[in-house]
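Participant: For reference, this is input.txt, and it has compact mmCIF, C-alpha atoms.
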# COMPACT_ATOMS: atom_id res chain seq x y z
CA MET D 105 9.48 35.47 -45.81
CA THR D 106 7.92 32.93 -43.53
CA LYS D 107 5.11 32.43 -41.06
CA LYS D 108 5.50 31.97 -37.34
CA THR D 109 6.04 28.36 -36.39
CA THR D 110 6.24 26.47 -33.11
CA THR D 111 8.80 23.91 -34.19
CA PHE D 112 11.91 23.59 -36.28
CA ILE D 113 10.43 23.60 -39.79
CA LEU D 114 12.64 24.40 -42.76
CA LEU D 115 11.75 26.80 -45.52
CA PHE D 116 14.04 27.75 -48.34
CA LEU D 117 14.14 30.23 -51.22
CA LEU D 118 16.07 30.19 -54.46
CA VAL D 119 17.09 33.73 -55.22
CA LEU D 120 18.60 34.90 -58.47
CA GLY D 121 21.08 37.76 -58.36
CA THR D 122 23.71 39.14 -60.68
CA THR D 123 27.41 39.71 -60.38
CA ILE D 124 29.06 42.15 -62.75
CA ILE D 125 32.53 41.17 -63.90
CA ALA D 126 34.73 43.71 -65.64
CA GLY D 127 35.20 42.97 -69.33
CA SER D 128 37.59 44.23 -71.98
CA ALA D 129 39.27 47.59 -72.25
CA ALA D 130 36.28 48.61 -74.34
CA ALA D 131 34.32 48.50 -71.07
CA GLU D 132 32.30 45.49 -72.12
CA GLU D 133 30.73 43.67 -69.18
CA ASP D 134 29.63 40.09 -68.70
CA VAL D 135 26.70 39.46 -66.40
CA VAL D 136 26.99 36.20 -64.49
CA ALA D 137 23.88 34.78 -62.84
CA TYR D 138 24.26 33.94 -59.15
CA THR D 139 21.90 31.53 -57.37
CA LEU D 140 21.60 31.77 -53.59
CA THR D 141 19.88 29.00 -51.67
CA LEU D 142 18.65 30.69 -48.51
CA LEU D 143 17.75 28.22 -45.76
CA HIS D 144 15.91 29.85 -42.91
CA ASN D 145 13.62 29.42 -39.95
CA ASN D 146 12.09 31.55 -37.27
CA ASP D 147 10.22 30.96 -34.02
CA GLY D 148 11.80 27.61 -33.24
CA GLU D 149 10.66 28.36 -29.68
CA SER D 150 12.33 25.40 -27.95
CA GLN D 151 10.40 22.70 -29.81
CA VAL D 152 13.60 20.71 -30.06
CA VAL D 153 11.99 17.24 -29.80
CA ASP D 154 8.90 17.52 -32.02
CA ALA D 155 6.11 19.93 -32.86
CA GLY D 156 4.43 19.38 -29.51
CA GLY D 157 0.78 18.86 -28.66
CA ASP D 158 -0.76 16.15 -30.78
CA ILE D 159 1.95 16.47 -33.46
CA THR D 160 4.58 14.14 -32.04
CA ASP D 161 5.96 12.67 -35.27
CA PHE D 162 6.78 15.93 -36.99
CA GLY D 163 9.38 18.66 -36.56
CA GLY D 164 12.07 18.87 -33.94
CA ALA D 165 15.74 19.76 -34.16
CA ALA D 166 17.00 16.35 -35.35
CA ARG D 167 14.63 16.17 -38.33
CA PHE D 168 15.27 19.82 -39.06
CA LYS D 169 19.04 19.31 -39.10
CA THR D 170 18.67 16.37 -41.47
CA VAL D 171 16.73 18.47 -43.96
CA VAL D 172 19.18 21.38 -43.61
CA ASP D 173 22.16 19.08 -44.15
CA ASN D 174 20.59 17.52 -47.24
CA LEU D 175 19.73 20.89 -48.80
CA ARG D 176 23.06 22.42 -47.88
CA GLY D 177 24.89 19.41 -49.25
CA ALA D 178 23.16 19.80 -52.60
CA VAL D 179 24.94 23.11 -53.18
CA THR D 180 28.65 23.55 -53.87
CA PRO D 181 29.50 27.20 -53.18
CA SER D 182 31.16 28.84 -56.14
CA ALA D 183 31.26 32.14 -57.99
CA THR D 184 27.79 31.34 -59.36
CA GLU D 185 26.12 29.52 -56.47
CA GLY D 186 25.92 29.77 -52.69
CA VAL D 187 23.97 28.59 -49.65
CA ILE D 188 23.46 30.15 -46.21
CA MET D 189 21.38 29.40 -43.09
CA VAL D 190 19.57 32.20 -41.20
CA SER D 191 17.27 32.49 -38.18
CA SER D 192 14.99 35.49 -37.73
CA GLY D 193 14.48 35.13 -34.00
CA ASP D 194 12.55 33.60 -31.10
CA ASN D 195 15.19 30.94 -30.74
CA PHE D 196 13.81 29.71 -27.40
CA LEU D 197 10.57 30.00 -25.41
CA ALA D 198 9.22 29.27 -21.94
CA GLY D 199 7.81 25.77 -21.61
CA PRO D 200 8.73 22.27 -20.43
CA GLU D 201 11.58 21.89 -22.92
CA PHE D 202 13.26 25.17 -22.04
CA ASN D 203 12.64 24.66 -18.32
CA ALA D 204 14.50 21.35 -18.63
CA ALA D 205 17.30 23.12 -20.47
CA VAL D 206 17.69 25.78 -17.76
CA GLN D 207 17.62 23.15 -15.02
CA ASN D 208 20.31 21.19 -16.86
CA GLY D 209 22.43 24.33 -17.12
CA VAL D 210 24.73 25.84 -19.72
CA PRO D 211 24.90 24.83 -22.53
CA PHE D 212 21.13 24.86 -22.96
CA TYR D 213 19.64 22.17 -25.18
CA ASP D 214 18.47 24.90 -27.56
CA THR D 215 22.01 26.24 -27.92
CA ILE D 216 23.35 22.76 -28.61
CA ALA D 217 20.68 22.22 -31.28
CA MET D 218 21.38 25.54 -32.99
CA GLU D 219 25.12 24.91 -33.04
CA LEU D 220 24.64 21.44 -34.52
CA ILE D 221 22.31 22.84 -37.21
CA GLY D 222 24.81 25.58 -38.04
CA TYR D 223 23.77 29.19 -38.69
CA ASP D 224 25.48 31.88 -40.73
CA ALA D 225 23.42 34.65 -39.08
CA VAL D 226 20.92 34.76 -36.22
CA ALA D 227 18.49 37.56 -35.39
CA LEU D 228 16.94 38.08 -31.97
CA GLY D 229 13.21 37.83 -31.29
CA ASN D 230 11.10 39.13 -28.44
CA HIS D 231 10.94 35.74 -26.72
CA ASP D 232 14.73 35.63 -26.54
CA PHE D 233 14.40 38.33 -23.85
CA ASP D 234 11.48 36.79 -21.92
CA PHE D 235 13.74 35.61 -19.08
CA GLY D 236 15.80 38.81 -19.13
CA PRO D 237 19.26 39.59 -20.53
CA ASP D 238 21.10 37.21 -18.19
CA ILE D 239 19.37 34.09 -19.53
CA LEU D 240 20.02 35.30 -23.07
CA ALA D 241 23.69 35.70 -22.11
CA ASP D 242 23.64 32.16 -20.69
CA PHE D 243 22.17 30.97 -23.98
CA LEU D 244 25.04 32.59 -25.88
CA ASP D 245 27.62 31.34 -23.39
CA GLY D 246 26.72 27.77 -24.32
CA TYR D 247 28.08 27.97 -27.86
CA THR D 248 31.47 26.53 -28.66
CA THR D 249 31.65 29.08 -31.48
CA VAL D 250 29.01 31.81 -31.43
CA PRO D 251 27.43 32.39 -34.86
CA PRO D 252 27.02 36.03 -35.92
CA TYR D 253 24.05 37.54 -34.09
CA VAL D 254 22.61 40.55 -35.92
CA SER D 255 20.62 43.32 -34.27
CA ALA D 256 20.96 46.83 -35.68
CA ASN D 257 18.41 48.66 -33.51
CA LEU D 258 19.32 47.36 -30.05
CA ASP D 259 21.80 49.07 -27.71
CA PHE D 260 23.33 46.61 -25.23
CA THR D 261 25.62 49.02 -23.35
CA GLY D 262 23.40 48.87 -20.26
CA GLU D 263 23.80 45.07 -20.04
CA PRO D 264 27.51 44.23 -19.55
CA ARG D 265 27.23 40.50 -20.30
CA LEU D 266 25.53 41.12 -23.65
CA GLN D 267 27.71 44.15 -24.40
CA ALA D 268 30.72 41.85 -24.10
CA TYR D 269 29.40 39.99 -27.13
CA VAL D 270 29.11 43.30 -28.98
CA VAL D 271 32.71 44.14 -28.12
CA SER D 272 33.86 40.71 -29.31
CA GLY D 273 31.93 41.19 -32.58
CA ASP D 274 29.58 38.26 -31.98
CA ILE D 275 26.63 40.69 -31.88
CA ASP D 276 26.56 43.40 -34.53
CA GLY D 277 24.07 45.28 -36.64
CA ALA D 278 24.98 43.21 -39.68
CA THR D 279 27.34 40.49 -40.80
CA THR D 280 28.99 39.64 -44.10
CA ILE D 281 29.20 36.03 -45.24
CA THR D 282 31.83 35.38 -47.91
CA GLN D 283 31.64 32.24 -50.03
CA SER D 284 33.99 31.68 -52.96
CA GLY D 285 34.69 35.40 -52.99
CA VAL D 286 30.99 36.34 -53.12
CA LYS D 287 29.82 38.62 -50.29
CA ILE D 288 26.34 38.26 -48.78
CA GLY D 289 25.18 40.68 -46.11
CA VAL D 290 22.61 39.98 -43.39
CA ILE D 291 21.11 42.77 -41.26
CA GLY D 292 19.03 42.19 -38.10
CA LEU D 293 16.13 44.22 -36.69
CA GLU D 294 14.05 43.72 -33.53
CA THR D 295 10.46 44.85 -32.93
CA PRO D 296 10.25 48.33 -31.36
CA ASN D 297 7.58 46.84 -29.07
CA LEU D 298 10.22 44.76 -27.26
CA PRO D 299 9.99 46.69 -23.95
CA PHE D 300 6.21 46.11 -23.86
CA VAL D 301 6.09 42.44 -24.86
CA SER D 302 9.23 41.06 -23.20
CA SER D 303 11.86 41.81 -20.54
CA PRO D 304 14.93 43.46 -22.10
CA ARG D 305 15.71 45.37 -18.87
CA ASN D 306 18.49 47.84 -19.83
CA VAL D 307 18.64 46.91 -23.50
CA VAL D 308 17.53 50.04 -25.38
CA VAL D 309 15.43 49.73 -28.54
CA ASP D 310 15.62 52.32 -31.32
CA ASP D 311 12.38 52.53 -33.31
CA ASP D 312 13.80 54.55 -36.24
CA LEU D 313 13.95 51.43 -38.37
CA VAL D 314 14.07 53.14 -41.76
CA THR D 315 17.13 55.26 -40.92
CA ILE D 316 18.90 52.37 -39.18
CA LEU D 317 18.24 49.87 -41.95
CA GLN D 318 19.27 52.24 -44.74
CA ALA D 319 22.51 53.06 -42.91
CA GLU D 320 23.35 49.35 -42.59
CA ILE D 321 22.54 48.75 -46.27
CA ASP D 322 24.72 51.70 -47.31
CA ALA D 323 27.62 50.45 -45.18
CA LEU D 324 27.41 46.97 -46.70
CA GLU D 325 27.28 48.36 -50.24
CA LEU D 326 30.28 50.57 -49.49
CA ALA D 327 32.11 47.40 -48.42
CA GLY D 328 31.35 45.77 -51.77
CA VAL D 329 28.31 43.72 -50.73
CA ASP D 330 25.50 43.69 -53.30
CA LYS D 331 23.40 40.77 -52.00
CA ILE D 332 21.70 42.05 -48.87
CA ILE D 333 19.22 40.22 -46.64
CA LEU D 334 17.14 41.54 -43.73
CA ALA D 335 16.45 39.06 -40.93
CA SER D 336 13.80 40.86 -38.90
CA HIS D 337 11.41 40.12 -36.06
CA LEU D 338 8.73 42.80 -36.38
CA GLN D 339 5.75 40.64 -35.31
CA ASN D 340 3.60 41.19 -38.41
CA ILE D 341 4.52 40.75 -42.06
CA GLN D 342 2.88 44.08 -42.94
CA ASN D 343 5.55 45.84 -40.86
CA GLU D 344 8.25 44.34 -43.07
CA ILE D 345 6.31 45.17 -46.23
CA ASP D 346 5.95 48.80 -45.14
CA LEU D 347 9.63 49.02 -44.18
CA VAL D 348 10.91 47.61 -47.47
CA GLY D 349 9.08 50.35 -49.34
CA GLU D 350 11.09 52.99 -47.48
CA VAL D 351 14.63 51.76 -48.20
CA ASP D 352 16.85 51.09 -51.21
CA GLY D 353 19.28 48.23 -51.81
CA LEU D 354 17.57 45.42 -49.92
CA ASP D 355 17.18 42.11 -51.80
CA ILE D 356 15.47 39.64 -49.44
CA VAL D 357 13.53 39.73 -46.17
CA VAL D 358 13.20 36.82 -43.74
CA ALA D 359 10.44 37.96 -41.39
CA GLY D 360 9.81 36.46 -37.96
CA GLY D 361 7.24 36.80 -35.21
CA GLY D 362 4.06 36.96 -37.27
CA ASP D 363 1.26 34.42 -37.57
CA GLU D 364 0.73 34.73 -41.31
CA LEU D 365 0.83 31.56 -43.41
CA LEU D 366 3.00 32.22 -46.46
CA ALA D 367 3.19 29.18 -48.69
CA ASN D 368 3.13 28.12 -52.31
CA PRO D 369 0.89 25.33 -53.60
CA GLY D 370 2.48 21.99 -52.83
CA ASP D 371 4.66 23.25 -49.97
CA LEU D 372 5.04 20.96 -46.97
CA LEU D 373 3.06 22.48 -44.10
CA ILE D 374 2.73 21.77 -40.40
CA PRO D 375 -0.11 19.23 -39.99
CA GLY D 376 -3.34 21.15 -39.58
CA ASP D 377 -2.25 24.21 -41.58
CA GLU D 378 -4.00 24.96 -44.86
CA THR D 379 -3.15 27.31 -47.72
Could I get this file's structure written as structure tokens?

Facilitator:
Amino acid sequence: MTKKTTTFILLFLLVLGTTIIAGSAAAEEDVVAYTLTLLHNNDGESQVVDAGGDITDFGGAARFKTVVDNLRGAVTPSATEGVIMVSSGDNFLAGPEFNAAVQNGVPFYDTIAMELIGYDAVALGNHDFDFGPDILADFLDGYTTVPPYVSANLDFTGEPRLQAYVVSGDIDGATTITQSGVKIGVIGLETPNLPFVSSPRNVVVDDDLVTILQAEIDALELAGVDKIILASHLQNIQNEIDLVGEVDGLDIVVAGGGDELLANPGDLLIPGDET
């Protein structure tokens, strides 16, 4: 899980899982360790050049992509090792950079940056709706190939342009990433406060997060997925902590939207942050 940031800053987790492989006729089983390198960010918020303010030599999409490429390149996906890239929302934000992107037209600079970085799953944050569903649709229209967008508790039927992405499968409650035969599931959740903090217009938010999340987990497990990640944007890490305690089968949470600093000693931080 990660804190809210205002630039493209990379965080990554090494997660150990297990894969059970059938053994002999005597029903012996071998347990093979599986290491997943999970690269993730949240709240990029259109800081595509640098971190902004007085921090002009730090952050930004180009530096971020370099770090992602280096970390991704250090892993060779196999039956025992994998690597994926996930965003947990707030992929753009009002400000000079995004204003310039809108004035330039589709594809927005933010879309270009995200496609160059390369995501296996992207969740939606509240700021992604700040300009209304049409600008979000413009943002998606700019992709050459839309990465899987995951949002299990939003109903887009009242917004035809976004619903078209649901029909095409580019927006879904969850996605399954398969690497070397290993299946990894990513589920998305949006804050129930979306109608009060942003402008989703006719996008309907379901606040029954426990029921929705458990149903998505169960569906993934039924499909043979046993490594399941939640990419959520619930605005406060305590909301994710409370939610995790109410469901079974979830392995990892990438939480977006909060202001909490979650770091280990020695981690690279944004200049000015302290552990």

Participant: Under the rule of at most 8 Å, produce a per-residue listing of region 148-266 of chain D near region 286-299 of chain D: chain, number, name, the closest pair of atoms, and the distance in Å, as JSON lines, using only C-alpha atoms.

Facilitator:
{"residue": "D:Ala183", "atom": "CA", "partner": "D:Val286", "partner_atom": "CA", "distance": 6.4}
{"residue": "D:Ser192", "atom": "CA", "partner": "D:Gly292", "partner_atom": "CA", "distance": 7.8}
{"residue": "D:Ala225", "atom": "CA", "partner": "D:Val290", "partner_atom": "CA", "distance": 6.9}
{"residue": "D:Val226", "atom": "CA", "partner": "D:Gly292", "partner_atom": "CA", "distance": 7.9}
{"residue": "D:Ala227", "atom": "CA", "partner": "D:Gly292", "partner_atom": "CA", "distance": 5.4}
{"residue": "D:Leu228", "atom": "CA", "partner": "D:Glu294", "partner_atom": "CA", "distance": 6.5}
{"residue": "D:Gly229", "atom": "CA", "partner": "D:Glu294", "partner_atom": "CA", "distance": 6.4}
{"residue": "D:Asn230", "atom": "CA", "partner": "D:Leu298", "partner_atom": "CA", "distance": 5.8}
{"residue": "D:Tyr253", "atom": "CA", "partner": "D:Gly292", "partner_atom": "CA", "distance": 7.9}
{"residue": "D:Val254", "atom": "CA", "partner": "D:Gly292", "partner_atom": "CA", "distance": 4.5}
{"residue": "D:Ser255", "atom": "CA", "partner": "D:Gly292", "partner_atom": "CA", "distance": 4.3}
{"residue": "D:Ala256", "atom": "CA", "partner": "D:Gly292", "partner_atom": "CA", "distance": 5.6}
{"residue": "D:Asn257", "atom": "CA", "partner": "D:Leu293", "partner_atom": "CA", "distance": 5.9}
{"residue": "D:Leu258", "atom": "CA", "partner": "D:Glu294", "partner_atom": "CA", "distance": 7.3}

Participant: Write out as a PyMOL selection string each polymer residue whose atoms come within 6 Å of Glu149 (chain D), counting only C-alpha atoms; drop sequence neighbours fewer than 2 positions from it.

Facilitator: chain D and resi 110+147+151+194-197

Participant: Quick one, how far is CA of Leu338 (chain D) from CA of Tyr247 (chain D)?

Facilitator: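 Those two atoms sit 25.8 Å apart.
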
Participant: As lines of an AutoDock Vina configuration file, please report the centre and edge lengths, rounded to one decimal in Å, of the axis-aligned box that holds all listed atoms of region 325-339 of chain D with 5 Å of padding on each of the six sides.

Facilitator:
center_x = 18.9
center_y = 44.8
center_z = -44.3
size_x = 36.4
size_y = 21.5
size_z = 28.0

Participant: Any idea what's packed within 12 Å of Val271 (chain D), counting all atoms listed in the file, ignoring anything in its chain fewer than 6 positions away? Could you give it as a ChimeraX atom specification?

Facilitator: /D:259-261,264-265

Participant: Create the file for the chosen residues now, containing C-alpha atoms and written as a tab-separated table (two decimals), keeping the file's coordinate frame.

Facilitator:
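Resulting contents of part.tsv:
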chain	number	residue	atom	x	y	z
D	259	ASP	CA	21.80	49.07	-27.71
D	260	PHE	CA	23.33	46.61	-25.23
D	261	THR	CA	25.62	49.02	-23.35
D	264	PRO	CA	27.51	44.23	-19.55
D	265	ARG	CA	27.23	40.50	-20.30

Participant: At what distance in Å, to one decimal, does CA of Thr139 (chain D) lie from CA of Gly193 (chain D)?

Facilitator: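 Here the two named atoms are 24.8 Å from each other.
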
Participant: Please measure the separation of CA of Ala217 (chain D) and CA of Ala165 (chain D), giving the value in Å to one decimal.

Facilitator: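 Going from CA of Ala217 (chain D) over to CA of Ala165 (chain D), I get 6.2 Å.
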
Participant: Show me the residues close to (-4.3, 31.3, -42.8) - anything with an atom within 10 Å, counting only C-alpha atoms - and format the list as a list in words.

Facilitator: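 Nearby residues: Lys107, Asp363, Glu364, Leu365, Leu366, Ala367, Asp377, Glu378 and Thr379 of chain D.
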
Participant: Would you put the residues from that selection into a file with C-alpha atoms, as an mmCIF file, in the coordinates of the input?

Facilitator:
data_model
loop_
_atom_site.group_PDB
_atom_site.id
_atom_site.type_symbol
_atom_site.label_atom_id
_atom_site.label_comp_id
_atom_site.auth_asym_id
_atom_site.auth_seq_id
_atom_site.Cartn_x
_atom_site.Cartn_y
_atom_site.Cartn_z
ATOM 1 C CA LYS D 107 5.110 32.430 -41.060
ATOM 2 C CA ASP D 363 1.260 34.420 -37.570
ATOM 3 C CA GLU D 364 0.730 34.730 -41.310
ATOM 4 C CA LEU D 365 0.830 31.560 -43.410
ATOM 5 C CA LEU D 366 3.000 32.220 -46.460
ATOM 6 C CA ALA D 367 3.190 29.180 -48.690
ATOM 7 C CA ASP D 377 -2.250 24.210 -41.580
ATOM 8 C CA GLU D 378 -4.000 24.960 -44.860
ATOM 9 C CA THR D 379 -3.150 27.310 -47.720
#

Participant: Given all atoms listed in the file as the basis, pick out the residue of D:Glu263, D:Glu350, D:Asp173, D:Glu320 nearest to Val307 (chain D).

Facilitator: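 Looking at the shortest contact to Val307 (chain D), the residue is D:Glu263.
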
Participant: My list of candidates is D:Val171, D:Val190, D:Leu373, D:Leu334. Which is closest to Asn146 (chain D) when distances are computed with only C-alpha atoms?

Facilitator: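 Nearest candidate to Asn146 (chain D) out of D:Val171, D:Val190, D:Leu373, D:Leu334: D:Val190.
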
Participant: I need the residue nearest Val309 (chain D) from this list: D:Ser191, D:Ile341, D:Asp224, D:Gly262. Use all atoms listed in the file for the distance.

Facilitator: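 Of D:Ser191, D:Ile341, D:Asp224, D:Gly262, the one nearest Val309 (chain D) is D:Gly262, counting all atoms listed in the file.
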
Participant: Hey, which of D:Glu325, D:Leu313, D:Asn145, D:Asp158 ends up closest to Val351 (chain D)? Count all atoms listed in the file.

Facilitator: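 The shortest atom-to-atom distance to Val351 (chain D) comes from D:Leu313.
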
Participant: Would you mind listing what lies within 8 Å of region 237-243 of chain D as a list in words, with only C-alpha atoms counted and same-chain residues fewer than 3 positions away left out?

Facilitator: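 Contacts, in chain order: Val210, Pro211, Phe212, Asp214, Thr215, Asp232, Phe233, Gly246, Tyr247, Glu263, Arg265, Leu266, Ser303, Pro304, Arg305 and Val307 of chain D.
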
Participant: Let me make sure I understand: among D:Gly361, D:Gly177, D:Gly222, D:Gly199, which one has the smallest atom-to-atom distance to Ser150 (chain D) if we use all atoms listed in the file?

Facilitator: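 That would be D:Gly199, the residue with the smallest distance to Ser150 (chain D).
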
Participant: From the options D:Gly186, D:Gly328, D:Pro375, D:Gly236, which residue's atoms come nearest to Tyr138 (chain D), counting all atoms listed in the file?

Facilitator: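 The shortest atom-to-atom distance to Tyr138 (chain D) comes from D:Gly186.
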
Participant: Hey, can you pull every residue with an atom no more than 10 Å from (20.3, 26.0, -49.1), using only C-alpha atoms, and send it as a PyMOL selection string?

Facilitator: chain D and resi 115-118+140-144+171-180+186-189

Participant: Include C-alpha atoms and write out the residues we just selected as a CSV table (one decimal), in the coordinates of the input.

Facilitator:
chain,number,residue,atom,x,y,z
D,115,LEU,CA,11.8,26.8,-45.5
D,116,PHE,CA,14.0,27.8,-48.3
D,117,LEU,CA,14.1,30.2,-51.2
D,118,LEU,CA,16.1,30.2,-54.5
D,140,LEU,CA,21.6,31.8,-53.6
D,141,THR,CA,19.9,29.0,-51.7
D,142,LEU,CA,18.6,30.7,-48.5
D,143,LEU,CA,17.8,28.2,-45.8
D,144,HIS,CA,15.9,29.8,-42.9
D,171,VAL,CA,16.7,18.5,-44.0
D,172,VAL,CA,19.2,21.4,-43.6
D,173,ASP,CA,22.2,19.1,-44.2
D,174,ASN,CA,20.6,17.5,-47.2
D,175,LEU,CA,19.7,20.9,-48.8
D,176,ARG,CA,23.1,22.4,-47.9
D,177,GLY,CA,24.9,19.4,-49.2
D,178,ALA,CA,23.2,19.8,-52.6
D,179,VAL,CA,24.9,23.1,-53.2
D,180,THR,CA,28.6,23.6,-53.9
D,186,GLY,CA,25.9,29.8,-52.7
D,187,VAL,CA,24.0,28.6,-49.6
D,188,ILE,CA,23.5,30.2,-46.2
D,189,MET,CA,21.4,29.4,-43.1
